[in-house]
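Below is work34.txt, which holds compact mmCIF, C-alpha atoms.
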# COMPACT_ATOMS: atom_id res chain seq x y z
CA MET R 221 9.99 -0.76 -27.95
CA LEU R 222 9.28 -0.70 -24.22
CA THR R 223 5.61 -0.70 -23.23
CA PHE R 224 3.73 0.62 -20.20
CA THR R 225 0.51 -0.88 -18.87
CA GLY R 226 -1.34 2.41 -19.33
CA SER R 227 -3.55 1.62 -16.31
CA SER R 228 -4.84 4.28 -13.89
CA MET R 229 -3.52 6.99 -16.19
CA LYS R 230 -5.41 9.85 -14.50
CA GLY R 231 -4.28 8.81 -11.04
CA PRO R 232 -0.94 8.66 -9.21
CA TRP R 233 0.43 5.58 -11.01
CA GLY R 234 -0.45 7.06 -14.36
CA ALA R 235 1.50 10.17 -13.38
CA ALA R 236 4.50 7.99 -12.50
CA GLN R 237 4.26 6.09 -15.79
CA ILE R 238 4.16 9.35 -17.73
CA GLY R 239 7.17 10.58 -15.78
CA ILE R 240 9.19 7.47 -16.63
CA HIS R 241 8.04 7.69 -20.26
CA LYS R 242 9.38 11.26 -20.40
CA ALA R 243 12.65 10.22 -18.75
CA LEU R 244 13.11 7.49 -21.35
CA ALA R 245 12.36 9.97 -24.13
CA ARG R 246 14.98 12.38 -22.80
CA SER R 247 17.41 9.46 -22.91
CA GLY R 248 16.49 8.72 -26.54
CA VAL R 249 14.46 5.59 -25.75
CA VAL R 250 11.07 5.03 -27.40
CA SER R 251 8.20 3.72 -25.27
CA ASP R 252 4.44 3.54 -25.57
CA PHE R 253 1.32 2.80 -23.54
CA LYS R 254 -1.11 -0.09 -23.66
CA GLY R 255 -4.56 -0.01 -22.08
CA TYR R 256 -4.79 -2.45 -19.19
CA ASP R 257 -7.52 -1.72 -16.67
CA GLY R 258 -6.01 -1.55 -13.20
CA GLU R 259 -4.15 -4.06 -11.06
CA ALA R 260 -6.43 -6.98 -11.93
CA GLU R 261 -5.34 -6.83 -15.59
CA SER R 262 -1.92 -5.22 -15.47
CA LEU R 263 -0.08 -7.44 -12.97
CA PRO R 264 -1.06 -10.73 -14.68
CA ALA R 265 -0.01 -9.13 -17.99
CA HIS R 266 3.41 -8.36 -16.48
CA HIS R 267 3.63 -11.95 -15.26
CA ARG R 268 2.95 -13.22 -18.77
CA GLY R 269 5.53 -10.85 -20.25
CA GLU R 270 2.93 -9.01 -22.36
CA VAL R 271 3.86 -5.57 -21.08
CA ASP R 272 7.15 -4.26 -19.76
CA LEU R 273 6.58 -1.45 -17.29
CA GLY R 274 4.06 -0.30 -14.72
CA VAL R 275 3.87 1.32 -11.31
CA ASN R 276 1.99 -0.16 -8.36
CA PHE R 277 1.96 -0.12 -4.57
CA ARG R 278 4.70 -2.27 -3.09
CA GLU R 279 1.84 -4.08 -1.34
CA GLN R 280 0.07 -4.86 -4.62
CA VAL R 281 3.06 -6.47 -6.29
CA MET R 282 4.07 -8.20 -3.06
CA PHE R 283 0.60 -9.74 -2.60
CA ALA R 284 0.60 -10.89 -6.22
CA TYR R 285 4.11 -12.33 -6.05
CA ARG R 286 3.57 -14.12 -2.73
CA GLY R 287 0.03 -15.30 -3.46
CA ILE R 288 -1.81 -13.29 -0.80
CA GLY R 289 -5.52 -12.52 -0.87
CA ALA R 290 -7.01 -12.62 -4.37
CA TYR R 291 -3.73 -14.10 -5.64
CA ALA R 292 -3.75 -17.10 -3.28
CA LYS R 293 -4.75 -19.55 -6.02
CA GLU R 294 -2.66 -17.96 -8.78
CA PRO R 295 0.44 -16.13 -7.56
CA LEU R 296 2.54 -14.23 -10.08
CA PRO R 297 6.17 -15.33 -9.52
CA ASN R 298 7.50 -13.74 -12.72
CA LEU R 299 7.08 -10.19 -11.41
CA ARG R 300 10.30 -8.22 -10.97
CA GLY R 301 11.10 -4.79 -9.59
CA LEU R 302 13.27 -2.13 -11.21
CA ALA R 303 13.05 0.74 -8.73
CA THR R 304 11.16 2.11 -5.76
CA LEU R 305 9.43 5.48 -6.06
CA ILE R 306 8.22 7.42 -3.02
CA GLN R 307 4.81 9.06 -2.68
CA PRO R 308 2.99 8.57 0.65
CA GLN R 309 -0.56 7.26 0.68
CA TYR R 310 -2.50 6.09 3.71
CA VAL R 311 -5.34 3.95 4.96
CA GLY R 312 -7.74 6.80 5.66
CA ILE R 313 -10.57 6.47 8.17
CA ALA R 314 -12.91 9.36 8.92
CA ALA R 315 -16.41 9.74 10.34
CA THR R 316 -18.71 12.71 10.12
CA ARG R 317 -18.88 14.53 13.43
CA GLU R 318 -22.66 14.48 13.19
CA SER R 319 -22.57 10.65 13.34
CA GLY R 320 -20.99 10.71 16.78
CA ILE R 321 -18.54 7.98 15.77
CA THR R 322 -15.21 8.27 17.57
CA SER R 323 -13.76 4.79 16.84
CA LEU R 324 -14.41 1.69 14.78
CA GLU R 325 -14.75 -0.31 17.98
CA GLN R 326 -17.65 1.93 18.98
CA VAL R 327 -19.46 0.96 15.76
CA ALA R 328 -19.03 -2.72 16.63
CA ALA R 329 -20.05 -2.35 20.27
CA GLU R 330 -23.18 -0.35 19.47
CA ARG R 331 -24.06 -2.35 16.33
CA ARG R 332 -24.66 0.91 14.58
CA PRO R 333 -26.72 1.07 11.35
CA ILE R 334 -24.23 3.38 9.68
CA ARG R 335 -23.69 4.43 6.08
CA LEU R 336 -20.24 3.01 5.30
CA PHE R 337 -18.19 3.94 2.24
CA THR R 338 -15.31 1.55 1.67
CA VAL R 339 -13.31 -0.34 -0.95
CA ALA R 340 -14.80 -3.84 -0.98
CA ARG R 341 -17.77 -5.87 0.19
CA SER R 342 -15.62 -8.27 2.22
CA SER R 343 -12.07 -9.51 2.67
CA GLN R 344 -12.77 -12.49 0.42
CA GLY R 345 -11.72 -12.37 -3.22
CA THR R 346 -10.71 -8.72 -3.12
CA ARG R 347 -7.38 -7.18 -3.97
CA THR R 348 -4.86 -5.17 -2.04
CA MET R 349 -6.60 -2.17 -0.50
CA GLY R 350 -9.90 -4.02 -0.38
CA LEU R 351 -8.23 -6.72 1.69
CA ILE R 352 -6.39 -4.30 3.96
CA THR R 353 -9.40 -2.09 4.73
CA SER R 354 -11.65 -5.13 5.22
CA ARG R 355 -9.22 -6.67 7.69
CA VAL R 356 -9.06 -3.40 9.63
CA LEU R 357 -12.84 -3.51 9.98
CA GLU R 358 -12.83 -7.20 10.94
CA LEU R 359 -10.20 -6.74 13.63
CA SER R 360 -12.21 -3.78 14.91
CA GLY R 361 -15.11 -6.14 15.53
CA PHE R 362 -17.42 -5.94 12.53
CA THR R 363 -17.69 -6.61 8.80
CA GLN R 364 -19.38 -4.94 5.89
CA SER R 365 -22.10 -7.59 6.09
CA ASP R 366 -22.68 -6.69 9.74
CA VAL R 367 -23.35 -3.09 8.75
CA VAL R 368 -26.08 -4.24 6.36
CA ALA R 369 -27.51 -6.71 8.91
CA TRP R 370 -27.74 -3.91 11.48
CA GLY R 371 -29.86 -1.88 9.08
CA GLY R 372 -27.06 0.25 7.68
CA LYS R 373 -25.95 0.98 4.14
CA LEU R 374 -22.84 -0.24 2.36
CA ILE R 375 -21.34 1.98 -0.34
CA VAL R 376 -18.58 0.29 -2.35
CA GLY R 377 -16.35 1.82 -5.00
CA GLN R 378 -15.14 5.25 -6.06
CA ASP R 379 -18.12 6.53 -8.06
CA PRO R 380 -20.87 5.45 -5.63
CA GLY R 381 -18.75 6.79 -2.77
CA PHE R 382 -18.16 10.11 -4.50
CA ASN R 383 -21.90 10.48 -5.12
CA ALA R 384 -22.66 9.64 -1.49
CA ILE R 385 -20.19 12.30 -0.32
CA VAL R 386 -21.74 14.94 -2.59
CA ALA R 387 -25.21 13.99 -1.33
CA GLY R 388 -24.11 13.90 2.31
CA ASP R 389 -25.28 10.29 2.46
CA VAL R 390 -22.36 8.80 4.40
CA ASP R 391 -21.28 8.42 8.03
CA LEU R 392 -17.95 6.58 7.83
CA ILE R 393 -15.24 6.49 5.14
CA VAL R 394 -12.59 3.74 5.08
CA ILE R 395 -10.57 4.03 1.86
CA PRO R 396 -7.02 4.82 0.66
CA ALA R 397 -6.10 8.46 1.28
CA TYR R 398 -3.91 10.96 -0.53
CA SER R 399 -4.20 14.66 -1.23
CA SER R 400 -4.83 15.03 -4.96
CA TYR R 401 -7.98 15.59 -7.02
CA THR R 402 -7.39 12.45 -9.08
CA PRO R 403 -8.87 8.95 -9.35
CA SER R 404 -9.25 6.54 -7.82
CA TRP R 405 -9.75 7.85 -4.27
CA GLY R 406 -8.18 11.30 -4.25
CA TYR R 407 -11.18 13.19 -5.51
CA CYS R 408 -13.35 11.51 -2.89
CA TRP R 409 -11.24 12.98 -0.10
CA MET R 410 -10.97 16.37 -1.81
CA GLU R 411 -14.77 16.64 -1.85
CA ALA R 412 -15.31 15.03 1.56
CA GLN R 413 -13.02 17.42 3.40
CA VAL R 414 -14.99 20.39 2.04
CA ARG R 415 -18.54 19.05 2.06
CA LEU R 416 -18.42 17.04 5.30
CA ASN R 417 -17.40 17.82 8.87
CA LEU R 418 -14.89 15.00 9.35
CA ARG R 419 -13.27 13.46 12.40
CA PHE R 420 -10.24 11.35 11.43
CA LEU R 421 -9.75 8.09 13.31
CA GLY R 422 -6.54 6.24 14.03
CA ILE R 423 -6.01 2.49 13.89
CA PRO R 424 -5.23 1.08 17.36
CA GLN R 425 -1.76 -0.35 17.94
CA PRO R 426 -2.90 -3.98 18.44
CA ILE R 427 -4.62 -3.96 15.05
CA ARG R 428 -1.64 -2.34 13.38
CA ASP R 429 0.68 -4.90 14.90
CA ALA R 430 -1.56 -7.81 13.90
CA LEU R 431 -1.83 -6.72 10.27
CA THR R 432 1.84 -5.85 10.07
CA GLN R 433 2.52 -9.46 10.99
CA GLU R 434 -0.25 -10.90 8.80
CA LEU R 435 0.22 -8.85 5.63
CA ASP R 436 3.71 -7.31 6.00
CA LEU R 437 2.34 -3.77 6.01
CA ARG R 438 4.14 -0.58 7.03
CA GLN R 439 2.91 1.50 9.95
CA GLY R 440 3.09 5.27 10.12
CA MET R 441 1.25 8.51 10.81
CA MET R 442 -1.14 10.38 8.56
CA PRO R 443 0.10 13.96 9.01
CA ALA R 444 -1.94 16.80 10.44
CA GLY R 445 -3.12 19.24 7.80
CA LEU R 446 -3.29 16.72 4.96
CA PHE R 447 -7.07 17.30 4.89
CA ARG R 448 -9.44 19.75 6.50
CA GLY R 449 -10.42 18.26 9.84
CA LEU R 450 -7.18 16.33 10.27
CA ASP R 451 -5.96 18.56 13.08
CA GLU R 452 -3.60 16.03 14.67
CA GLU R 453 -1.63 13.21 13.12
CA VAL R 454 -3.28 9.80 13.42
CA PRO R 455 -1.67 6.33 13.42
CA THR R 456 -2.45 4.17 10.41
CA PHE R 457 -0.80 2.18 7.63
CA VAL R 458 1.36 4.01 5.10
CA ALA R 459 1.86 2.82 1.52
CA GLN R 460 4.62 5.16 0.43
CA HIS R 461 6.72 2.76 -1.66
CA HIS R 462 5.64 2.29 -5.27
CA THR R 463 7.35 -0.34 -7.38
CA VAL R 464 8.37 0.20 -10.98
CA VAL R 465 7.34 -3.32 -11.89
CA SER R 466 8.32 -5.52 -14.83
CA HIS R 467 8.76 -9.21 -15.59
CA ALA R 468 11.51 -11.82 -15.49
CA ALA R 469 11.76 -11.98 -19.30
CA LEU R 470 12.69 -8.29 -19.66
CA SER R 471 16.26 -8.17 -20.97
CA ASP R 472 19.00 -7.07 -18.60
CA GLN R 473 19.85 -4.26 -21.03
CA ASP R 474 16.29 -2.93 -21.05
CA ALA R 475 16.09 -3.04 -17.25
CA TYR R 476 19.43 -1.23 -17.03
CA THR R 477 18.24 1.39 -19.52
CA VAL R 478 15.03 2.11 -17.61
CA VAL R 479 16.68 2.69 -14.24
CA ARG R 480 19.43 4.75 -15.83
CA ALA R 481 16.82 7.01 -17.44
CA ILE R 482 15.01 7.45 -14.12
CA ASP R 483 18.28 8.18 -12.33
CA GLU R 484 19.44 10.69 -14.93
CA HIS R 485 16.07 12.46 -15.23
CA PRO R 486 14.29 12.28 -11.83
CA GLU R 487 12.77 15.69 -12.55
CA CYS R 488 10.37 13.95 -14.92
CA LEU R 489 8.73 12.25 -11.95
CA GLN R 490 8.26 15.58 -10.18
CA GLU R 491 6.68 17.44 -13.09
CA GLN R 492 3.41 15.46 -12.94
CA GLN R 493 0.14 16.23 -11.16
CA VAL R 494 1.18 13.70 -8.50
CA PRO R 495 4.95 13.99 -7.92
CA PHE R 496 7.13 11.03 -6.98
CA ALA R 497 10.59 10.99 -5.42
CA PHE R 498 13.43 8.69 -6.50
CA TYR R 499 16.35 7.94 -4.18
CA PRO R 500 18.93 5.91 -6.13
CA ARG R 501 20.83 4.77 -3.03
CA ALA R 502 17.70 3.05 -1.74
CA ALA R 503 15.87 2.35 -5.00
CA TRP R 504 16.13 -1.44 -4.65
CA GLU R 505 14.57 -1.48 -1.19
CA GLU R 506 10.90 -2.12 -0.41
CA LEU R 507 10.12 -3.46 -3.89
CA GLY R 508 7.94 -6.32 -2.70
CA VAL R 509 9.39 -8.54 -5.47
CA PRO R 510 12.93 -9.57 -6.48
CA LEU R 511 15.15 -6.91 -8.03
CA HIS R 512 15.75 -7.48 -11.75
CA LEU R 513 19.35 -8.41 -12.59
CA GLY R 514 19.70 -5.59 -15.11
CA ALA R 515 18.56 -3.02 -12.56
CA GLU R 516 20.90 -4.48 -9.97
CA ALA R 517 23.78 -4.19 -12.44
CA TYR R 518 23.11 -0.47 -12.87
CA TYR R 519 22.92 0.24 -9.14
CA ARG R 520 26.17 -1.64 -8.53
CA GLU R 521 27.95 0.03 -11.44
CA ARG R 522 27.02 3.45 -10.08
CA GLY R 523 28.13 2.53 -6.58
CA TYR R 524 24.64 2.89 -5.12
CA LEU R 525 24.43 -0.78 -4.15
CA THR R 526 27.57 -2.20 -2.57
CA THR R 527 26.37 -5.01 -0.32
CA PRO R 528 24.67 -8.37 -1.01
CA LEU R 529 20.92 -8.18 -1.37
CA PRO R 530 18.88 -9.63 1.51
CA GLU R 531 17.50 -13.11 0.99
CA GLY R 532 14.35 -13.00 -1.13
CA GLU R 533 15.18 -9.69 -2.80
CA ALA R 534 17.66 -11.02 -5.37
CA GLU R 535 16.69 -12.16 -8.86
CA HIS R 536 16.08 -15.85 -9.43
CA GLN R 537 15.04 -17.91 -12.41
CA SER R 538 11.51 -17.36 -13.62
CA VAL R 539 8.95 -20.13 -13.53

Target encoding structure tokens, full file:
Amino acid sequence: MLTFTGSSMKGPWGAAQIGIHKALARSGVVSDFKGYDGEAESLPAHHRGEVDLGVNFREQVMFAYRGIGAYAKEPLPNLRGLATLIQPQYVGIAATRESGITSLEQVAAERRPIRLFTVARSSQGTRTMGLITSRVLELSGFTQSDVVAWGGKLIVGQDPGFNAIVAGDVDLIVIPAYSSYTPSWGYCWMEAQVRLNLRFLGIPQPIRDALTQELDLRQGMMPAGLFRGLDEEVPTFVAQHHTVVSHAALSDQDAYTVVRAIDEHPECLQEQQVPFAFYPRAAWEELGVPLHLGAEAYYRERGYLTTPLPEGEAEHQSV
């Protein structure tokens, strides 16, 4: 029986897992959920072959596979990708208009004692979005520790951040952004856009270029109208590719079966509280890890994949 990580079940990746579970069921394939708690548990479990299927940001699986950030000492080379799903999320940065903040650089220049809500306490030892948001702050000229040293307040994590938003006890928000009242960060933005008078801030081009080079991120625009107060699109990083992730020990037949079920029943991914798109003619792109041989066999059999895979994206022997 195929198993899912069962992590983040109330959020976007849980919705995607449920969608794939339903697609498998409609194809007559039995699957079930385990109970791993987020990326920190689920990706190492994939690496060890303890669980078969999950859904994560391309950036998460890529960092783990390549040994970036928190995975520098223990990369996870046994991770494999089965398919790419599409659902745009963003690095969201917004300040209350009452704070007078119009850029991150202004905070650094004025050494402002702000109330900052963000993902992590620093760029050290943190995982994907904690690393990305911390590096944005650092390249803007300040760190979370600077905010505290200047007499400000650091608010880290979803629940403390949500409470700060409800209480109006925040000046600047730097967290992942998507429009859905779901964990981990969606409900924070849903409340913030109503309770606070927000000004959304873009990430300057030099910072975007530097982190694209450093962390292999994808640049894009957060669209106007996504939230109240976002009146014009702003430049940022976009994490729109989500990898259906597995492990090198998954049989070719199981990998083939999973992608076939997704391809034959894509409606299952769109019937969830957070819908995902699946494009079979590009489903092996932007995985962040090598494509599993069984998945590759399906895409080639269907005529979706007709050219050699780029170097680094093809399956190789597990370690």

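The space between atom CA of Pro495 of chain R and atom CA of Gln309 of chain R spans 12.2 Å.
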
Problem set entry | Neighbour list for Val249 of chain R as JSON, numbers by chain, cut-off 12 Å, all atoms listed in the file, skip fewer than 5 positions in-chain | {"R": [221, 222, 223, 240, 241, 242, 243, 244, 474, 477, 478, 480, 481, 482]}

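Take the candidates R:Met441, R:Val458, R:Val327, R:Val368 and check each one against Leu392 of chain R using only C-alpha atoms; the shortest distance goes to R:Val327.
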
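One finds atom CA of Val356 of chain R at 24.4 Å from atom CA of Val509 of chain R.
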
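Atom CA of Asp451 of chain R is positioned 28.5 Å from atom CA of Asp436 of chain R.
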
Set the distance at 9 Å and use all atoms listed in the file: which residues neighbour Asp366 of chain R once local chain neighbours fewer than 6 positions away are removed? I'd like the list as a short mmCIF file (atom, residue, chain, number, x, y, z; two decimals) with C-alpha atoms, in the frame of the given file.
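Okay, selection_25.cif is ready:
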data_model
loop_
_atom_site.label_atom_id
_atom_site.label_comp_id
_atom_site.auth_asym_id
_atom_site.auth_seq_id
_atom_site.Cartn_x
_atom_site.Cartn_y
_atom_site.Cartn_z
CA ALA R 328 -19.03 -2.72 16.63
CA ARG R 331 -24.06 -2.35 16.33
CA PRO R 333 -26.72 1.07 11.35
CA GLY R 372 -27.06 0.25 7.68
#

Padded axis-aligned box of segment 276-291 of chain R (8 Å per side), centre and edge lengths, Å, one decimal, as lines of an AutoDock Vina configuration file:
center_x = -1.2
center_y = -7.7
center_z = -4.6
size_x = 27.7
size_y = 31.2
size_z = 23.6

Within 7 Å of Pro455 of chain R, counting all atoms listed in the file, which residues show up once you throw out same-chain ones fewer than 5 positions away? Write them as a tab-separated table (two decimals) with C-alpha atoms, in the coordinates of the input, please.
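Produced file out_9.tsv, reproduced below:
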chain	number	residue	atom	x	y	z
R	422	GLY	CA	-6.54	6.24	14.03
R	423	ILE	CA	-6.01	2.49	13.89
R	440	GLY	CA	3.09	5.27	10.12
R	441	MET	CA	1.25	8.51	10.81
R	442	MET	CA	-1.14	10.38	8.56

Exercise. What lies within 12 Å of Lys373 of chain R using all atoms listed in the file, ignoring chain neighbours under 3 positions off, as a PyMOL selection string?
Worked result: chain R and resi 332-338+341+364-370+376+380-381+384+389-392

Exercise. Looking at all atoms listed in the file, which of R:Val464, R:Leu296, R:Leu357, R:Met282 is the one that sits closest to Gln326 of chain R?
Worked result: R:Leu357

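Using only C-alpha atoms, the smallest distance between any of R:Ser404, R:Asn298, R:Thr304, R:Ser360 and Pro424 of chain R comes from R:Ser360.
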
How close does segment 329-436 of chain R get to segment 310-313 of chain R? List, as a Markdown table, each residue of segment 329-436 of chain R within 7 Å, its nearest atom pair and the distance in Å to one decimal, counting all atoms listed in the file.
| residue | atom | partner | partner_atom | distance |
| --- | --- | --- | --- | --- |
| R:Ile393 | CA | R:Ile313 | CA | 5.6 |
| R:Val394 | CA | R:Ile313 | CA | 4.6 |
| R:Ile395 | CA | R:Gly312 | CA | 5.5 |
| R:Pro396 | CA | R:Val311 | CA | 4.7 |
| R:Ala397 | CA | R:Tyr310 | CA | 4.9 |
| R:Tyr398 | CA | R:Tyr310 | CA | 6.6 |
| R:Phe420 | CA | R:Ile313 | CA | 5.9 |
| R:Leu421 | CA | R:Ile313 | CA | 5.5 |

For this session: Select, from R:Gly345, R:Asp429, R:Leu437, R:Gly449, the residue with the minimum atom-to-atom distance to Met410 of chain R, counting only C-alpha atoms.
Result: R:Gly449

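The closest residue to Leu435 of chain R, picked from R:His512, R:Arg448, R:Arg246, R:Arg355 and counting all atoms listed in the file, is R:Arg355.
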
Exercise. Near segment 263-270 of chain R, within 8 Å and counting only C-alpha atoms, which residues show up once chain neighbours fewer than 2 positions away are dropped, as a count of residues only?
Worked result: 17

For this session: Step by step: start from the point (20.4, 1.6, -8.6) in the file's coordinates, keep every protein, DNA or RNA residue that has an atom no farther than 6 Å from it, count only C-alpha atoms, and write the set as a PyMOL selection string.
Result: chain R and resi 500+503+518-519+524

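Nearest-residue note for Thr346 of chain R: choosing from R:Asn417, R:Gln280, R:Thr432, R:Gln439, the minimum distance belongs to R:Gln280, counting only C-alpha atoms.
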
Please supply segment 451-460 of chain R, rebuilt with all heavy atoms, as a compact mmCIF listing (two decimals), in the frame of the given file.
# COMPACT_ATOMS: atom_id res chain seq x y z
N ASP R 451 -6.65 17.56 12.27
CA ASP R 451 -5.96 18.56 13.08
C ASP R 451 -4.75 18.00 13.81
O ASP R 451 -3.84 18.75 14.18
CB ASP R 451 -6.93 19.18 14.09
CG ASP R 451 -8.11 19.86 13.40
OD1 ASP R 451 -7.90 20.45 12.32
OD2 ASP R 451 -9.23 19.77 13.93
N GLU R 452 -4.73 16.71 14.03
CA GLU R 452 -3.60 16.03 14.67
C GLU R 452 -3.28 14.78 13.87
O GLU R 452 -4.16 14.16 13.28
CB GLU R 452 -3.92 15.65 16.11
CG GLU R 452 -4.22 16.83 17.02
CD GLU R 452 -4.52 16.38 18.44
OE1 GLU R 452 -4.63 15.14 18.67
OE2 GLU R 452 -4.67 17.25 19.31
N GLU R 453 -2.01 14.42 13.83
CA GLU R 453 -1.63 13.21 13.12
C GLU R 453 -2.30 12.00 13.75
O GLU R 453 -2.52 11.96 14.97
CB GLU R 453 -0.12 13.04 13.09
CG GLU R 453 0.53 12.85 14.45
CD GLU R 453 2.04 12.69 14.34
OE1 GLU R 453 2.60 12.95 13.27
OE2 GLU R 453 2.65 12.29 15.36
N VAL R 454 -2.63 11.01 12.91
CA VAL R 454 -3.28 9.80 13.42
C VAL R 454 -2.50 8.58 12.95
O VAL R 454 -1.96 8.55 11.84
CB VAL R 454 -4.75 9.70 12.95
CG1 VAL R 454 -5.58 10.84 13.52
CG2 VAL R 454 -4.85 9.69 11.44
N PRO R 455 -2.41 7.54 13.80
CA PRO R 455 -1.67 6.33 13.42
C PRO R 455 -2.47 5.48 12.45
O PRO R 455 -3.67 5.29 12.60
CB PRO R 455 -1.49 5.61 14.76
CG PRO R 455 -2.64 6.07 15.59
CD PRO R 455 -2.92 7.49 15.18
N THR R 456 -1.78 4.95 11.44
CA THR R 456 -2.45 4.17 10.41
C THR R 456 -1.41 3.32 9.69
O THR R 456 -0.32 3.09 10.21
CB THR R 456 -3.18 5.11 9.42
OG1 THR R 456 -3.92 4.33 8.48
CG2 THR R 456 -2.23 6.03 8.69
N PHE R 457 -1.75 2.84 8.52
CA PHE R 457 -0.80 2.18 7.63
C PHE R 457 -0.43 3.14 6.51
O PHE R 457 -1.28 3.87 6.01
CB PHE R 457 -1.37 0.89 7.05
CG PHE R 457 -1.61 -0.17 8.08
CD1 PHE R 457 -2.90 -0.49 8.47
CD2 PHE R 457 -0.55 -0.83 8.68
CE1 PHE R 457 -3.13 -1.47 9.43
CE2 PHE R 457 -0.76 -1.81 9.65
CZ PHE R 457 -2.05 -2.12 10.03
N VAL R 458 0.85 3.13 6.14
CA VAL R 458 1.36 4.01 5.10
C VAL R 458 1.85 3.16 3.94
O VAL R 458 2.65 2.24 4.13
CB VAL R 458 2.51 4.89 5.62
CG1 VAL R 458 2.97 5.84 4.52
CG2 VAL R 458 2.07 5.68 6.84
N ALA R 459 1.37 3.47 2.75
CA ALA R 459 1.86 2.82 1.52
C ALA R 459 2.60 3.89 0.74
O ALA R 459 2.04 4.54 -0.14
CB ALA R 459 0.70 2.25 0.72
N GLN R 460 3.87 4.09 1.08
CA GLN R 460 4.62 5.16 0.43
C GLN R 460 5.58 4.64 -0.64
O GLN R 460 6.09 5.42 -1.44
CB GLN R 460 5.43 5.94 1.46
CG GLN R 460 6.53 5.17 2.16
CD GLN R 460 7.34 6.07 3.09
OE1 GLN R 460 7.37 7.28 2.92
NE2 GLN R 460 8.00 5.47 4.06
